[in-house]
Every structure is written in structure tokens, then in C-alpha cells.
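Asker: The file below is protein-v3.cif, mmCIF, C-alpha atoms:
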```cif
data_data
#
loop_
_atom_site.label_atom_id
_atom_site.label_comp_id
_atom_site.auth_asym_id
_atom_site.auth_seq_id
_atom_site.Cartn_x
_atom_site.Cartn_y
_atom_site.Cartn_z
CA MET I 1 -6.78 19.44 -6.59
CA PRO I 2 -9.87 18.51 -8.64
CA TYR I 3 -12.88 17.06 -6.87
CA HIS I 4 -13.01 13.23 -6.80
CA TRP I 5 -15.95 10.92 -6.17
CA THR I 6 -14.15 8.99 -3.37
CA ASN I 7 -15.19 11.88 -1.12
CA ASP I 8 -18.79 10.73 -1.62
CA SER I 9 -20.70 7.61 -0.66
CA PHE I 10 -20.87 6.74 -4.37
CA PRO I 11 -19.79 8.37 -7.66
CA GLY I 12 -21.68 11.57 -8.30
CA ALA I 13 -23.46 11.69 -4.92
CA ARG I 14 -21.67 14.84 -3.76
CA ASP I 15 -22.65 13.97 -0.19
CA PHE I 16 -19.18 13.93 1.44
CA LYS I 17 -19.83 10.59 3.18
CA GLY I 18 -16.71 9.08 1.68
CA THR I 19 -13.01 9.40 2.37
CA SER I 20 -11.52 12.49 3.95
CA ARG I 21 -8.74 12.67 1.35
CA CYS I 22 -7.76 11.25 -2.02
CA SER I 23 -4.79 8.91 -1.89
CA CYS I 24 -3.92 5.32 -2.68
CA SER I 25 -6.80 3.01 -1.79
CA LEU I 26 -5.01 1.46 1.16
CA CYS I 27 -2.63 4.23 2.13
CA VAL I 28 -0.59 3.76 5.30
CA PHE I 29 -1.14 7.47 6.04
CA ALA I 30 -4.94 7.22 5.86
CA SER I 31 -7.23 7.56 8.85
CA LYS I 32 -8.84 4.45 10.24
CA ARG I 33 -12.24 5.48 8.85
CA ASP I 34 -10.76 5.99 5.37
CA LEU I 35 -9.09 2.57 5.55
CA LEU I 36 -12.33 0.89 6.61
CA LEU I 37 -14.09 2.53 3.65
CA ALA I 38 -11.34 1.50 1.24
CA ILE I 39 -11.36 -2.09 2.51
CA ALA I 40 -15.13 -2.32 2.09
CA ARG I 41 -14.94 -0.68 -1.34
CA ARG I 42 -12.06 -2.85 -2.60
CA PRO I 43 -12.30 -6.22 -0.81
CA ARG I 44 -10.21 -8.08 -3.37
CA LEU I 45 -7.33 -5.64 -2.98
CA ALA I 46 -7.64 -5.76 0.82
CA ALA I 47 -7.53 -9.58 0.74
CA LEU I 48 -4.34 -9.39 -1.32
CA TYR I 49 -2.78 -7.05 1.26
CA ALA I 50 -3.77 -9.57 3.94
CA GLU I 51 -2.00 -12.35 2.02
CA VAL I 52 1.19 -10.30 1.90
CA GLU I 53 0.90 -9.39 5.58
CA SER I 54 0.44 -13.05 6.53
CA ALA I 55 3.25 -14.34 4.33
CA ARG I 56 5.76 -11.73 5.46
CA GLY I 57 4.73 -11.63 9.09
CA ASP I 58 4.70 -7.84 8.92
CA SER I 59 1.91 -5.52 9.92
CA PHE I 60 0.24 -3.08 7.51
CA ARG I 61 1.10 -0.36 10.02
CA PRO I 62 2.76 -0.63 13.42
CA ASP I 63 -0.60 0.08 15.06
CA TRP I 64 -2.96 -1.85 12.71
CA ARG I 65 -2.92 -5.21 10.99
CA ILE I 66 -4.86 -5.29 7.72
CA THR I 67 -6.56 -8.52 8.81
CA ASP I 68 -7.95 -6.73 11.89
CA LEU I 69 -9.09 -3.80 9.75
CA ILE I 70 -10.87 -6.21 7.38
CA GLU I 71 -12.75 -7.68 10.35
CA GLN I 72 -13.66 -4.19 11.60
CA SER I 73 -14.88 -3.17 8.14
CA ARG I 74 -17.52 -5.90 8.38
CA LEU I 75 -18.98 -4.68 11.68
CA PRO I 76 -22.32 -2.82 11.66
CA THR I 77 -20.55 0.20 13.16
CA ALA I 78 -18.17 0.49 10.17
CA PRO I 79 -18.82 3.26 7.64
CA ASP I 80 -21.05 2.28 4.73
CA PRO I 81 -18.87 2.08 1.61
CA GLY I 82 -21.78 3.00 -0.65
CA ILE I 83 -20.09 1.23 -3.54
CA VAL I 84 -18.03 -1.93 -3.87
CA LEU I 85 -15.47 -2.12 -6.65
CA PRO I 86 -15.07 -5.73 -7.79
CA ASP I 87 -11.50 -5.14 -9.02
CA ASP I 88 -12.23 -7.53 -11.87
CA GLY I 89 -10.01 -7.21 -14.87
CA PRO I 90 -6.62 -8.01 -16.31
CA ASP I 91 -4.69 -5.43 -14.26
CA MET I 92 -5.86 -6.84 -10.93
CA ASP I 93 -5.38 -10.43 -12.15
CA LEU I 94 -1.81 -9.57 -13.16
CA LEU I 95 -1.09 -7.87 -9.83
CA GLU I 96 -2.44 -10.88 -7.96
CA ARG I 97 -0.26 -13.29 -9.98
CA GLN I 98 2.84 -11.13 -9.52
CA ILE I 99 2.37 -10.88 -5.77
CA ARG I 100 1.66 -14.59 -5.32
CA THR I 101 4.72 -15.44 -7.41
CA ALA I 102 6.88 -13.10 -5.35
CA LEU I 103 5.55 -14.60 -2.11
CA GLN I 104 6.66 -18.06 -3.28
CA GLN I 105 10.26 -16.90 -3.75
CA PRO I 106 12.69 -17.49 -0.89
CA PRO I 107 13.44 -14.29 1.00
CA ARG I 108 16.54 -12.43 -0.12
CA LYS I 109 19.57 -12.69 2.05
CA ALA I 110 20.01 -9.56 4.15
CA VAL I 111 23.05 -7.47 3.33
CA HIS I 112 24.96 -6.38 6.41
CA LEU I 113 27.05 -3.32 5.64
CA ALA I 114 29.31 -3.95 8.62
CA ALA I 115 30.37 -7.25 7.03
CA ARG I 116 31.44 -5.50 3.81
CA PRO I 117 35.20 -5.36 3.29
CA ALA I 118 36.71 -1.94 3.99
CA SER I 119 38.16 -1.72 0.48
CA GLY I 120 35.81 -1.85 -2.45
CA PRO I 121 32.87 0.11 -3.70
CA ALA I 122 30.76 1.97 -1.14
CA CYS I 123 27.51 0.55 -2.46
CA GLY I 124 28.80 -3.03 -2.64
CA GLY I 125 27.50 -3.53 -6.13
CA CYS I 126 29.66 -1.70 -8.65
CA ASP I 127 33.16 -0.50 -9.32
CA ALA I 128 32.17 3.07 -10.11
CA GLY I 129 34.91 4.50 -7.96
CA PRO I 130 34.54 7.29 -5.44
CA THR I 131 31.08 8.71 -4.91
CA ALA I 132 32.16 12.35 -5.31
CA PRO I 133 34.47 13.74 -7.98
CA ASN I 134 37.72 15.46 -7.04
CA LEU I 135 36.76 19.12 -7.03
CA PRO I 136 39.21 22.00 -7.18
CA SER I 137 39.71 23.79 -3.88
CA GLN I 138 39.39 27.22 -5.51
CA PRO I 139 36.49 28.33 -7.71
CA VAL I 140 37.35 28.42 -11.39
#
```
Turn the structure described in the file into C-alpha cells.
Answerer:
Amino acid sequence: MPYHWTNDSFPGARDFKGTSRCSCSLCVFASKRDLLLAIARRPRLAALYAEVESARGDSFRPDWRITDLIEQSRLPTAPDPGIVLPDDGPDMDLLERQIRTALQQPPRKAVHLAARPASGPACGGCDAGPTAPNLPSQPV
């Protein structure tokens, strides 16, 4: 994979004081240090994640809440992000509007498969018929 500046403290530094791997900014598979760097580098995105976490009542990961990680990213012991990305621009504005609109919608009703009638489509949403075609028992 080509070299990327996120591995540095700032673009072009080539000092390897950045993230240990390239992935989504706030990847659930990232190490705690990488998440603290990402939160400090992209505070607007992290705040948006915190809004979702608060509205849904879910945790970013089973072991970490994004709100706690945001607090930890502000401590003097947190890694220095080296650069802060303002996330200003139409793409971030659009994402913010879309998420806030979605958070205002009532939650969807859960579908319980056990409550589905025995006859009818397996997926519950179409009349496509059986999921596998009738295949001949002998090769042709």
C-alpha cells in the first residue's frame, strides 16, 4: 500500500508519530492511540459521532464510548495530533445535515422473524419465490 501522511505528525513530516495504520478516521478496529489522534485531528467529525452515540444510546465500541475518547483526547497525556483538520466544506455540511435529519426520524419498528407467517416469502419483502432454483439431480 502506498505511504500516507497519516502515519506522520503532519503531512510530509515522515516522522512516524501518527497513526499505526491507514483506515477510516474513526475506525472501530483502530487502536486507542489511533482513535485519540483521529479525534484530535478531526474534532467536528468526532462531535458528530458523539451526537449519534447520544441519540441512539449505543456505544462506539463495546469497550469505549466516543464521548469518553473525546475527553481523553484533550488530556495532556494524549498523543499530539500535529494537525487539526477543520472538516469545513460542503461534504461535511451535507453529512451533518443528513445525520441530524436521520436522528430526528422515529426509530424503525423492529422486524421479528419469528412473528412472520410460515407461508410467504423467506425475506418478508418480495414474492420472488424460492431462494434456490430447482436443480437437476444428475449433472447434464
Asker: Which residues, written as a PyMOL selection string, have at least one atom at most 9 Å from stretch 94-102 of chain I, with all atoms listed in the file counted and residues fewer than 6 positions away on the same chain left out?
Answerer: chain I and resi 45+48+51-52
Asker: Export, as a PDB file, keeping the file's coordinate frame, the selected residues with C-alpha atoms.
Answerer:
```pdb
ATOM      1  CA  LEU I  45      -7.330  -5.640  -2.980  1.00  0.00           C
ATOM      2  CA  LEU I  48      -4.340  -9.390  -1.320  1.00  0.00           C
ATOM      3  CA  GLU I  51      -2.000 -12.350   2.020  1.00  0.00           C
ATOM      4  CA  VAL I  52       1.190 -10.300   1.900  1.00  0.00           C
TER       5      VAL I  52
END
```
Asker: Starting from the displayed file, determine the output of the PyMOL selection byres ((chain I and resi 22) around 10) and express the residue list as a ChimeraX atom specification.
Answerer: /I:1,3-7,18-21,23-25,27,30,34
Asker: Can you spell out as an MDAnalysis selection string the set of residues that the PyMOL selection byres ((chain I and resi 73) around 10) selects in the structure I just provided?
Answerer: chainID I and resid 32:33 35:41 43 67:72 74:81
Asker: Rounded to one decimal, what separation in Å do you get between atom CA of I:Trp64 and atom CA of I:Ser31?
Answerer: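 Answer for the atom CA of I:Trp64 to atom CA of I:Ser31 separation: 11.0 Å.
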Asker: How far is it from atom CA of I:Gly82 to atom CA of I:Ala13, in Å with one decimal?
Answerer: 9.8 Å
Asker: Check the smallest atom-to-atom distance from each of I:Leu103, I:Asp8, I:Phe29, I:Arg108 to I:Pro62 using only C-alpha atoms, then report the winner.
Answerer: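 Once distances to I:Pro62 are computed over only C-alpha atoms, the minimum belongs to I:Phe29.
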Asker: Suppose you want the space between atom CA of I:Val84 and atom CA of I:Arg56; what is it in Å?
Answerer: 27.4 Å
Asker: I'd like to know which of I:Leu85, I:Tyr49, I:Val28, I:Ile66 is closest to I:Pro11, using only C-alpha atoms.
Answerer: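 Result for the nearest residue to I:Pro11: I:Leu85.
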Asker: Using all atoms listed in the file, find the one residue out of I:Gln105, I:Ser59, I:Ser54, I:Ser9 that sits nearest to I:Ile83.
Answerer: I:Ser9
